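This report concerns only the one structure given below.
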Amino acid sequence: MSDDAASRHTLRHRAVTVLARGTRRPVPRLDYVSLREHPLRRLPQLFAGLALYGLSLSAMVRAALGVNPWSVLYEGLEHHTSLSFGSISAVLGVLVLLLWIPLKQRPTFGTVANIIVLACSSDLGLLLIPEHLGLPARVGLLAGGVLLNGLSVAVYVGARFGPGPRDGLMTGASAVTGRSIRFIRTLIEITVLAAGWLLGGSVGAGTVLYAVAVGPITQFFLPWFTYRGRAEPPPPTPPAAPPVGRPAQRTP
């Protein structure tokens with residue numbers, strides 16, 4: 001490669017790097033914002049996100065290729081009780097709230113809405129989506145369910161009405177024990193998954209796909225749906241990329 005060609009290659013690489021950095025969205029704030037602030041803007045987002053989350057759980061259940069750890073537990077308990085999938089999620093949500101007491105966590109409007117809306121929407125989804133579908137339809141349901149789940153988390157978390165029961169347990173346990181969120185989340189998920197599997201819940205490829213994909217999907221959509229409070233500054237403007245093939249001018 002000639003010196004001139006090498007120079008053009010280096011400049012092109014720098015331009016692509018700047019473009020990649022410039023298009024990266026900043027991580028938004030997700031702490032609680034008062035219910036009194038823009039409720040007509042945020043409440044529909046909260047309820048829509050929770051409803052979509054419940055429907056995404058139903059889609060993964062009907063795919064019958066493995067579900068997320070908490071749904072594995074719901075399915076396992078469903079085999080041993082007369083309660084529906086959604087009712088079990090609501091009962092466990094209330095029981096998890098009792099664990100908040102020693103952790104000094106306080107429920108918010110979003111916490112209560114999480115329990116009620118998820119229970120109703122997941123049961124509704126199970127009524128609407130048929131069982132015993134062919135493999136191609138089940139694969140489509142699984143992929144669509146995981147994608148919808150990640151999107152719905154970004155939607156309802158982005159409304160900033162406070163954590164759901166399970167997320168509050170995670171953050172509260174992390175604060176009390178001093179252990180990382182990652183460690184506490186992993187410990188809870190493994191415990192729930194093992195208990196659900198022992199009770200007969202379905203574990204499969206969908207469980208692995210969910211664990212790998214839902215985090216990046218949620219992270220991708222969060223900047224689009226996160227509400228920014230009145231007193232919060234706007235996100236920084238990304239730097240402009242220099243023209244490809246022409247060196248950026250340096251400021252003296």
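Chain identifiers are assigned as A, B, and so on, following the order in which chains appear in the structure tokens; residues are numbered from 1 within each chain, and ligands are numbered from 1 in order of appearance.
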Original post:
Using only C-alpha atoms, which residues sit within 12 Å of Thr191 of chain A once same-chain residues fewer than 6 positions away are excluded, as a PyMOL selection string?
Top reply: chain A and resi 69-70+72-73+184-185+197-198
**OP:** For segment 218-222 of chain A, please output as a PyMOL selection string all residues within 7 Å (counting only C-alpha atoms; exclusion window: fewer than 2 positions along the same chain).
**Re:** chain A and resi 150-151+153-154+158+214-216+224-226
**OP:** Record the distance separating atom CA of Ser152 of chain A and atom CA of Arg62 of chain A, expressed in Å with one decimal.
**Re:**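 Between atom CA of Ser152 of chain A and atom CA of Arg62 of chain A the gap works out to 18.3 Å.
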Excluding same-chain residues fewer than 2 positions from Ala63 of chain A, what lies within 12 Å of it counting only C-alpha atoms, as a PDB file with all heavy atoms, in the first residue's frame?
ATOM      1  N   SER A  56     -45.997 -10.200  25.748  1.00  0.00           N
ATOM      2  CA  SER A  56     -44.750 -10.845  25.331  1.00  0.00           C
ATOM      3  C   SER A  56     -44.503 -12.127  26.120  1.00  0.00           C
ATOM      4  O   SER A  56     -44.008 -13.120  25.569  1.00  0.00           O
ATOM      5  CB  SER A  56     -43.570  -9.879  25.504  1.00  0.00           C
ATOM      6  OG  SER A  56     -43.243  -9.688  26.868  1.00  0.00           O
ATOM      7  N   LEU A  57     -44.856 -12.123  27.407  1.00  0.00           N
ATOM      8  CA  LEU A  57     -44.732 -13.350  28.200  1.00  0.00           C
ATOM      9  C   LEU A  57     -45.646 -14.440  27.648  1.00  0.00           C
ATOM     10  O   LEU A  57     -45.254 -15.612  27.559  1.00  0.00           O
ATOM     11  CB  LEU A  57     -45.079 -13.065  29.666  1.00  0.00           C
ATOM     12  CG  LEU A  57     -44.182 -12.099  30.433  1.00  0.00           C
ATOM     13  CD1 LEU A  57     -44.645 -11.985  31.875  1.00  0.00           C
ATOM     14  CD2 LEU A  57     -42.727 -12.521  30.375  1.00  0.00           C
ATOM     15  N   SER A  58     -46.877 -14.048  27.268  1.00  0.00           N
ATOM     16  CA  SER A  58     -47.819 -15.010  26.706  1.00  0.00           C
ATOM     17  C   SER A  58     -47.291 -15.609  25.409  1.00  0.00           C
ATOM     18  O   SER A  58     -47.422 -16.812  25.164  1.00  0.00           O
ATOM     19  CB  SER A  58     -49.169 -14.333  26.440  1.00  0.00           C
ATOM     20  OG  SER A  58     -49.670 -13.724  27.609  1.00  0.00           O
ATOM     21  N   ALA A  59     -46.696 -14.766  24.571  1.00  0.00           N
ATOM     22  CA  ALA A  59     -46.159 -15.253  23.296  1.00  0.00           C
ATOM     23  C   ALA A  59     -45.063 -16.283  23.533  1.00  0.00           C
ATOM     24  O   ALA A  59     -45.007 -17.319  22.851  1.00  0.00           O
ATOM     25  CB  ALA A  59     -45.628 -14.080  22.473  1.00  0.00           C
ATOM     26  N   MET A  60     -44.192 -16.033  24.507  1.00  0.00           N
ATOM     27  CA  MET A  60     -43.112 -16.982  24.781  1.00  0.00           C
ATOM     28  C   MET A  60     -43.640 -18.280  25.385  1.00  0.00           C
ATOM     29  O   MET A  60     -43.113 -19.363  25.119  1.00  0.00           O
ATOM     30  CB  MET A  60     -42.074 -16.333  25.696  1.00  0.00           C
ATOM     31  CG  MET A  60     -41.229 -15.277  24.982  1.00  0.00           C
ATOM     32  SD  MET A  60     -39.878 -14.626  26.005  1.00  0.00           S
ATOM     33  CE  MET A  60     -40.783 -13.536  27.104  1.00  0.00           C
ATOM     34  N   VAL A  61     -44.694 -18.168  26.199  1.00  0.00           N
ATOM     35  CA  VAL A  61     -45.296 -19.377  26.759  1.00  0.00           C
ATOM     36  C   VAL A  61     -45.897 -20.234  25.648  1.00  0.00           C
ATOM     37  O   VAL A  61     -45.693 -21.453  25.591  1.00  0.00           O
ATOM     38  CB  VAL A  61     -46.370 -19.012  27.803  1.00  0.00           C
ATOM     39  CG1 VAL A  61     -47.183 -20.246  28.179  1.00  0.00           C
ATOM     40  CG2 VAL A  61     -45.720 -18.425  29.044  1.00  0.00           C
ATOM     41  N   LEU A  65     -40.940 -23.101  23.762  1.00  0.00           N
ATOM     42  CA  LEU A  65     -39.532 -23.374  23.485  1.00  0.00           C
ATOM     43  C   LEU A  65     -38.643 -22.879  24.619  1.00  0.00           C
ATOM     44  O   LEU A  65     -37.434 -22.757  24.457  1.00  0.00           O
ATOM     45  CB  LEU A  65     -39.113 -22.711  22.165  1.00  0.00           C
ATOM     46  CG  LEU A  65     -39.770 -23.268  20.904  1.00  0.00           C
ATOM     47  CD1 LEU A  65     -39.469 -22.364  19.704  1.00  0.00           C
ATOM     48  CD2 LEU A  65     -39.283 -24.684  20.635  1.00  0.00           C
ATOM     49  N   GLY A  66     -39.258 -22.584  25.764  1.00  0.00           N
ATOM     50  CA  GLY A  66     -38.516 -22.055  26.893  1.00  0.00           C
ATOM     51  C   GLY A  66     -38.880 -20.607  27.147  1.00  0.00           C
ATOM     52  O   GLY A  66     -39.041 -19.827  26.208  1.00  0.00           O
ATOM     53  N   VAL A  67     -39.021 -20.241  28.406  1.00  0.00           N
ATOM     54  CA  VAL A  67     -39.434 -18.886  28.780  1.00  0.00           C
ATOM     55  C   VAL A  67     -38.409 -18.291  29.730  1.00  0.00           C
ATOM     56  O   VAL A  67     -37.436 -18.940  30.105  1.00  0.00           O
ATOM     57  CB  VAL A  67     -40.833 -18.903  29.438  1.00  0.00           C
ATOM     58  CG1 VAL A  67     -41.900 -19.259  28.417  1.00  0.00           C
ATOM     59  CG2 VAL A  67     -40.875 -19.887  30.611  1.00  0.00           C
ATOM     60  N   LEU A 126     -52.715 -15.232  26.765  1.00  0.00           N
ATOM     61  CA  LEU A 126     -52.836 -16.679  26.697  1.00  0.00           C
ATOM     62  C   LEU A 126     -54.194 -17.106  26.148  1.00  0.00           C
ATOM     63  O   LEU A 126     -54.327 -18.183  25.554  1.00  0.00           O
ATOM     64  CB  LEU A 126     -52.606 -17.295  28.077  1.00  0.00           C
ATOM     65  CG  LEU A 126     -51.168 -17.193  28.609  1.00  0.00           C
ATOM     66  CD1 LEU A 126     -51.085 -17.686  30.036  1.00  0.00           C
ATOM     67  CD2 LEU A 126     -50.219 -17.980  27.718  1.00  0.00           C
ATOM     68  N   ILE A 129     -53.801 -16.142  22.075  1.00  0.00           N
ATOM     69  CA  ILE A 129     -52.824 -16.885  21.269  1.00  0.00           C
ATOM     70  C   ILE A 129     -53.114 -18.379  21.373  1.00  0.00           C
ATOM     71  O   ILE A 129     -53.146 -18.930  22.478  1.00  0.00           O
ATOM     72  CB  ILE A 129     -51.390 -16.593  21.731  1.00  0.00           C
ATOM     73  CG1 ILE A 129     -51.106 -15.085  21.701  1.00  0.00           C
ATOM     74  CG2 ILE A 129     -50.383 -17.323  20.847  1.00  0.00           C
ATOM     75  CD1 ILE A 129     -49.772 -14.699  22.290  1.00  0.00           C
ATOM     76  N   PRO A 130     -53.336 -19.066  20.266  1.00  0.00           N
ATOM     77  CA  PRO A 130     -53.683 -20.496  20.327  1.00  0.00           C
ATOM     78  C   PRO A 130     -52.508 -21.363  20.756  1.00  0.00           C
ATOM     79  O   PRO A 130     -51.346 -20.981  20.648  1.00  0.00           O
ATOM     80  CB  PRO A 130     -54.111 -20.816  18.886  1.00  0.00           C
ATOM     81  CG  PRO A 130     -53.414 -19.795  18.048  1.00  0.00           C
ATOM     82  CD  PRO A 130     -53.345 -18.551  18.881  1.00  0.00           C
ATOM     83  N   GLU A 131     -52.839 -22.547  21.237  1.00  0.00           N
ATOM     84  CA  GLU A 131     -51.823 -23.531  21.633  1.00  0.00           C
ATOM     85  C   GLU A 131     -51.522 -24.483  20.477  1.00  0.00           C
ATOM     86  O   GLU A 131     -52.187 -24.496  19.456  1.00  0.00           O
ATOM     87  CB  GLU A 131     -52.321 -24.341  22.834  1.00  0.00           C
ATOM     88  CG  GLU A 131     -52.572 -23.540  24.081  1.00  0.00           C
ATOM     89  CD  GLU A 131     -52.998 -24.430  25.239  1.00  0.00           C
ATOM     90  OE1 GLU A 131     -52.126 -25.133  25.791  1.00  0.00           O
ATOM     91  OE2 GLU A 131     -54.191 -24.434  25.562  1.00  0.00           O
ATOM     92  N   HIS A 132     -50.479 -25.293  20.680  1.00  0.00           N
ATOM     93  CA  HIS A 132     -50.144 -26.402  19.789  1.00  0.00           C
ATOM     94  C   HIS A 132     -49.961 -25.940  18.335  1.00  0.00           C
ATOM     95  O   HIS A 132     -50.511 -26.528  17.399  1.00  0.00           O
ATOM     96  CB  HIS A 132     -51.211 -27.497  19.859  1.00  0.00           C
ATOM     97  CG  HIS A 132     -51.560 -27.914  21.249  1.00  0.00           C
ATOM     98  ND1 HIS A 132     -50.624 -28.412  22.138  1.00  0.00           N
ATOM     99  CD2 HIS A 132     -52.756 -27.874  21.930  1.00  0.00           C
ATOM    100  CE1 HIS A 132     -51.209 -28.685  23.288  1.00  0.00           C
ATOM    101  NE2 HIS A 132     -52.493 -28.362  23.189  1.00  0.00           N
ATOM    102  N   LEU A 133     -49.203 -24.893  18.155  1.00  0.00           N
ATOM    103  CA  LEU A 133     -48.896 -24.394  16.815  1.00  0.00           C
ATOM    104  C   LEU A 133     -47.733 -25.184  16.218  1.00  0.00           C
ATOM    105  O   LEU A 133     -47.004 -25.887  16.930  1.00  0.00           O
ATOM    106  CB  LEU A 133     -48.553 -22.908  16.883  1.00  0.00           C
ATOM    107  CG  LEU A 133     -49.679 -21.972  17.382  1.00  0.00           C
ATOM    108  CD1 LEU A 133     -49.135 -20.582  17.628  1.00  0.00           C
ATOM    109  CD2 LEU A 133     -50.822 -21.933  16.378  1.00  0.00           C
ATOM    110  N   GLY A 134     -47.546 -25.048  14.895  1.00  0.00           N
ATOM    111  CA  GLY A 134     -46.413 -25.684  14.241  1.00  0.00           C
ATOM    112  C   GLY A 134     -45.100 -25.032  14.635  1.00  0.00           C
ATOM    113  O   GLY A 134     -45.075 -23.914  15.171  1.00  0.00           O
ATOM    114  N   LEU A 135     -44.002 -25.717  14.361  1.00  0.00           N
ATOM    115  CA  LEU A 135     -42.692 -25.222  14.774  1.00  0.00           C
ATOM    116  C   LEU A 135     -42.356 -23.849  14.187  1.00  0.00           C
ATOM    117  O   LEU A 135     -41.858 -22.987  14.925  1.00  0.00           O
ATOM    118  CB  LEU A 135     -41.613 -26.238  14.397  1.00  0.00           C
ATOM    119  CG  LEU A 135     -40.181 -25.874  14.822  1.00  0.00           C
ATOM    120  CD1 LEU A 135     -40.091 -25.699  16.325  1.00  0.00           C
ATOM    121  CD2 LEU A 135     -39.196 -26.931  14.340  1.00  0.00           C
ATOM    122  N   PRO A 136     -42.583 -23.588  12.890  1.00  0.00           N
ATOM    123  CA  PRO A 136     -42.275 -22.247  12.369  1.00  0.00           C
ATOM    124  C   PRO A 136     -43.029 -21.137  13.105  1.00  0.00           C
ATOM    125  O   PRO A 136     -42.448 -20.087  13.411  1.00  0.00           O
ATOM    126  CB  PRO A 136     -42.703 -22.334  10.897  1.00  0.00           C
ATOM    127  CG  PRO A 136     -42.608 -23.775  10.560  1.00  0.00           C
ATOM    128  CD  PRO A 136     -43.028 -24.497  11.800  1.00  0.00           C
ATOM    129  N   ALA A 137     -44.312 -21.370  13.398  1.00  0.00           N
ATOM    130  CA  ALA A 137     -45.095 -20.363  14.124  1.00  0.00           C
ATOM    131  C   ALA A 137     -44.563 -20.175  15.539  1.00  0.00           C
ATOM    132  O   ALA A 137     -44.507 -19.053  16.059  1.00  0.00           O
ATOM    133  CB  ALA A 137     -46.564 -20.771  14.158  1.00  0.00           C
ATOM    134  N   ARG A 138     -44.140 -21.256  16.170  1.00  0.00           N
ATOM    135  CA  ARG A 138     -43.613 -21.169  17.532  1.00  0.00           C
ATOM    136  C   ARG A 138     -42.279 -20.426  17.559  1.00  0.00           C
ATOM    137  O   ARG A 138     -42.019 -19.638  18.479  1.00  0.00           O
ATOM    138  CB  ARG A 138     -43.451 -22.571  18.114  1.00  0.00           C
ATOM    139  CG  ARG A 138     -44.785 -23.262  18.406  1.00  0.00           C
ATOM    140  CD  ARG A 138     -44.621 -24.752  18.571  1.00  0.00           C
ATOM    141  NE  ARG A 138     -43.624 -25.072  19.592  1.00  0.00           N
ATOM    142  CZ  ARG A 138     -42.956 -26.216  19.638  1.00  0.00           C
ATOM    143  NH1 ARG A 138     -43.146 -27.136  18.697  1.00  0.00           N
ATOM    144  NH2 ARG A 138     -42.088 -26.436  20.600  1.00  0.00           N
ATOM    145  N   VAL A 139     -41.436 -20.676  16.564  1.00  0.00           N
ATOM    146  CA  VAL A 139     -40.170 -19.935  16.483  1.00  0.00           C
ATOM    147  C   VAL A 139     -40.441 -18.448  16.291  1.00  0.00           C
ATOM    148  O   VAL A 139     -39.789 -17.591  16.900  1.00  0.00           O
ATOM    149  CB  VAL A 139     -39.297 -20.488  15.339  1.00  0.00           C
ATOM    150  CG1 VAL A 139     -38.084 -19.591  15.112  1.00  0.00           C
ATOM    151  CG2 VAL A 139     -38.845 -21.912  15.644  1.00  0.00           C
ATOM    152  N   GLY A 140     -41.419 -18.130  15.441  1.00  0.00           N
ATOM    153  CA  GLY A 140     -41.787 -16.733  15.247  1.00  0.00           C
ATOM    154  C   GLY A 140     -42.326 -16.095  16.518  1.00  0.00           C
ATOM    155  O   GLY A 140     -42.006 -14.942  16.832  1.00  0.00           O
ATOM    156  N   LEU A 141     -43.150 -16.847  17.253  1.00  0.00           N
ATOM    157  CA  LEU A 141     -43.673 -16.337  18.526  1.00  0.00           C
ATOM    158  C   LEU A 141     -42.549 -16.089  19.526  1.00  0.00           C
ATOM    159  O   LEU A 141     -42.555 -15.087  20.250  1.00  0.00           O
ATOM    160  CB  LEU A 141     -44.667 -17.331  19.118  1.00  0.00           C
ATOM    161  CG  LEU A 141     -46.122 -17.239  18.668  1.00  0.00           C
ATOM    162  CD1 LEU A 141     -46.940 -18.344  19.324  1.00  0.00           C
ATOM    163  CD2 LEU A 141     -46.717 -15.869  18.974  1.00  0.00           C
ATOM    164  N   LEU A 142     -41.585 -17.000  19.565  1.00  0.00           N
ATOM    165  CA  LEU A 142     -40.463 -16.841  20.492  1.00  0.00           C
ATOM    166  C   LEU A 142     -39.649 -15.601  20.147  1.00  0.00           C
ATOM    167  O   LEU A 142     -39.368 -14.766  21.020  1.00  0.00           O
ATOM    168  CB  LEU A 142     -39.574 -18.081  20.461  1.00  0.00           C
ATOM    169  CG  LEU A 142     -38.279 -17.994  21.282  1.00  0.00           C
ATOM    170  CD1 LEU A 142     -38.583 -17.800  22.748  1.00  0.00           C
ATOM    171  CD2 LEU A 142     -37.422 -19.238  21.055  1.00  0.00           C
ATOM    172  N   ALA A 143     -39.267 -15.466  18.883  1.00  0.00           N
ATOM    173  CA  ALA A 143     -38.455 -14.320  18.473  1.00  0.00           C
ATOM    174  C   ALA A 143     -39.223 -13.014  18.688  1.00  0.00           C
ATOM    175  O   ALA A 143     -38.684 -12.031  19.215  1.00  0.00           O
ATOM    176  CB  ALA A 143     -38.049 -14.462  17.007  1.00  0.00           C
ATOM    177  N   GLY A 144     -40.500 -13.005  18.278  1.00  0.00           N
ATOM    178  CA  GLY A 144     -41.308 -11.804  18.472  1.00  0.00           C
ATOM    179  C   GLY A 144     -41.531 -11.500  19.940  1.00  0.00           C
ATOM    180  O   GLY A 144     -41.538 -10.332  20.345  1.00  0.00           O
ATOM    181  N   GLY A 145     -41.706 -12.552  20.753  1.00  0.00           N
ATOM    182  CA  GLY A 145     -41.912 -12.343  22.183  1.00  0.00           C
ATOM    183  C   GLY A 145     -40.705 -11.737  22.868  1.00  0.00           C
ATOM    184  O   GLY A 145     -40.831 -10.827  23.703  1.00  0.00           O
ATOM    185  N   VAL A 146     -39.515 -12.212  22.519  1.00  0.00           N
ATOM    186  CA  VAL A 146     -38.286 -11.668  23.117  1.00  0.00           C
ATOM    187  C   VAL A 146     -38.084 -10.218  22.690  1.00  0.00           C
ATOM    188  O   VAL A 146     -37.751  -9.351  23.506  1.00  0.00           O
ATOM    189  CB  VAL A 146     -37.072 -12.530  22.726  1.00  0.00           C
ATOM    190  CG1 VAL A 146     -35.770 -11.864  23.171  1.00  0.00           C
ATOM    191  CG2 VAL A 146     -37.187 -13.916  23.343  1.00  0.00           C
ATOM    192  N   SER A 202     -41.129 -24.886  31.923  1.00  0.00           N
ATOM    193  CA  SER A 202     -40.398 -25.208  30.692  1.00  0.00           C
ATOM    194  C   SER A 202     -39.129 -24.388  30.566  1.00  0.00           C
ATOM    195  O   SER A 202     -39.150 -23.161  30.670  1.00  0.00           O
ATOM    196  CB  SER A 202     -41.289 -24.973  29.461  1.00  0.00           C
ATOM    197  OG  SER A 202     -41.684 -23.621  29.385  1.00  0.00           O
ATOM    198  N   VAL A 203     -38.017 -25.082  30.370  1.00  0.00           N
ATOM    199  CA  VAL A 203     -36.710 -24.466  30.142  1.00  0.00           C
ATOM    200  C   VAL A 203     -36.207 -24.958  28.790  1.00  0.00           C
ATOM    201  O   VAL A 203     -36.280 -26.152  28.501  1.00  0.00           O
ATOM    202  CB  VAL A 203     -35.708 -24.836  31.253  1.00  0.00           C
ATOM    203  CG1 VAL A 203     -34.350 -24.216  30.981  1.00  0.00           C
ATOM    204  CG2 VAL A 203     -36.237 -24.399  32.608  1.00  0.00           C
ATOM    205  N   GLY A 204     -35.721 -24.040  27.956  1.00  0.00           N
ATOM    206  CA  GLY A 204     -35.257 -24.450  26.642  1.00  0.00           C
ATOM    207  C   GLY A 204     -34.458 -23.369  25.957  1.00  0.00           C
ATOM    208  O   GLY A 204     -33.899 -22.475  26.611  1.00  0.00           O
ATOM    209  N   ALA A 205     -34.445 -23.436  24.631  1.00  0.00           N
ATOM    210  CA  ALA A 205     -33.673 -22.461  23.858  1.00  0.00           C
ATOM    211  C   ALA A 205     -34.173 -21.047  24.090  1.00  0.00           C
ATOM    212  O   ALA A 205     -33.394 -20.092  24.086  1.00  0.00           O
ATOM    213  CB  ALA A 205     -33.753 -22.815  22.364  1.00  0.00           C
ATOM    214  N   GLY A 206     -35.487 -20.914  24.290  1.00  0.00           N
ATOM    215  CA  GLY A 206     -36.038 -19.583  24.540  1.00  0.00           C
ATOM    216  C   GLY A 206     -35.508 -18.957  25.811  1.00  0.00           C
ATOM    217  O   GLY A 206     -35.345 -17.743  25.894  1.00  0.00           O
ATOM    218  N   THR A 207     -35.225 -19.772  26.814  1.00  0.00           N
ATOM    219  CA  THR A 207     -34.664 -19.265  28.067  1.00  0.00           C
ATOM    220  C   THR A 207     -33.282 -18.665  27.834  1.00  0.00           C
ATOM    221  O   THR A 207     -32.953 -17.589  28.344  1.00  0.00           O
ATOM    222  CB  THR A 207     -34.575 -20.400  29.108  1.00  0.00           C
ATOM    223  OG1 THR A 207     -35.841 -21.077  29.186  1.00  0.00           O
ATOM    224  CG2 THR A 207     -34.215 -19.854  30.477  1.00  0.00           C
TER     225      THR A 207
END
Original post:
atom CA of Ser87 of chain A and atom CA of Leu127 of chain A, how far apart in Å?
Top reply: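 Between these atoms lies a distance of 13.8 Å.
Residues of segment 148-179 of chain A that DSSP places in helix (DSSP H, G or I), based on the backbone of this structure, are Leu148, Asn149, Gly150, Leu151, Ser152, Val153, Ala154, Val155, Tyr156, Val157, Gly158, Pro165, Arg166, Asp167, Gly168, Leu169, Met170, Thr171, Gly172, Ala173, Ser174, Ala175, Val176 and Thr177 of chain A.
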**OP:** Quick one: pull the distance between atom CA of Asn149 of chain A and atom CA of Leu52 of chain A, Å, one decimal.
**Re:** 7.3 Å
Counting only C-alpha atoms, what are the residues of segment 64-112 of chain A within 10 Å of segment 160-171 of chain A, and for each of them which pair of atoms is the nearest and at what distance in Å, to one decimal? Sort the table by chain and rising number, as JSON lines.
{"residue": "A:Trp70", "atom": "CA", "partner": "A:Arg166", "partner_atom": "CA", "distance": 9.3}
{"residue": "A:Ala90", "atom": "CA", "partner": "A:Pro165", "partner_atom": "CA", "distance": 9.9}
{"residue": "A:Leu92", "atom": "CA", "partner": "A:Pro165", "partner_atom": "CA", "distance": 9.0}
{"residue": "A:Gly93", "atom": "CA", "partner": "A:Pro165", "partner_atom": "CA", "distance": 5.7}
{"residue": "A:Val94", "atom": "CA", "partner": "A:Pro165", "partner_atom": "CA", "distance": 7.6}
{"residue": "A:Leu95", "atom": "CA", "partner": "A:Pro165", "partner_atom": "CA", "distance": 8.9}
{"residue": "A:Val96", "atom": "CA", "partner": "A:Pro165", "partner_atom": "CA", "distance": 6.0}
{"residue": "A:Leu97", "atom": "CA", "partner": "A:Pro165", "partner_atom": "CA", "distance": 5.7}
{"residue": "A:Leu98", "atom": "CA", "partner": "A:Pro165", "partner_atom": "CA", "distance": 9.4}
{"residue": "A:Leu99", "atom": "CA", "partner": "A:Leu169", "partner_atom": "CA", "distance": 7.1}
{"residue": "A:Trp100", "atom": "CA", "partner": "A:Leu169", "partner_atom": "CA", "distance": 6.2}
{"residue": "A:Ile101", "atom": "CA", "partner": "A:Leu169", "partner_atom": "CA", "distance": 9.9}
{"residue": "A:Leu103", "atom": "CA", "partner": "A:Leu169", "partner_atom": "CA", "distance": 7.9}
{"residue": "A:Gln105", "atom": "CA", "partner": "A:Gly168", "partner_atom": "CA", "distance": 7.1}
{"residue": "A:Arg106", "atom": "CA", "partner": "A:Gly168", "partner_atom": "CA", "distance": 8.7}
{"residue": "A:Pro107", "atom": "CA", "partner": "A:Gly162", "partner_atom": "CA", "distance": 7.7}
{"residue": "A:Thr108", "atom": "CA", "partner": "A:Gly162", "partner_atom": "CA", "distance": 5.8}
{"residue": "A:Phe109", "atom": "CA", "partner": "A:Phe161", "partner_atom": "CA", "distance": 6.4}
{"residue": "A:Gly110", "atom": "CA", "partner": "A:Phe161", "partner_atom": "CA", "distance": 4.7}
{"residue": "A:Thr111", "atom": "CA", "partner": "A:Gly164", "partner_atom": "CA", "distance": 4.5}
{"residue": "A:Val112", "atom": "CA", "partner": "A:Gly164", "partner_atom": "CA", "distance": 7.6}
**OP:** Counting only C-alpha atoms, figure out which residue out of A:Ile190, A:Gly201, A:Tyr53, A:His79 gets nearest to Ile115 of chain A.
**Re:** A:Tyr53
Subject >> Selection: 12 Å around Pro39 of chain A, only C-alpha atoms, excl. self and same-chain fewer than 3 positions, as a ChimeraX atom specification >> reply: /A:33-36,42-47,109,159-161,227,229
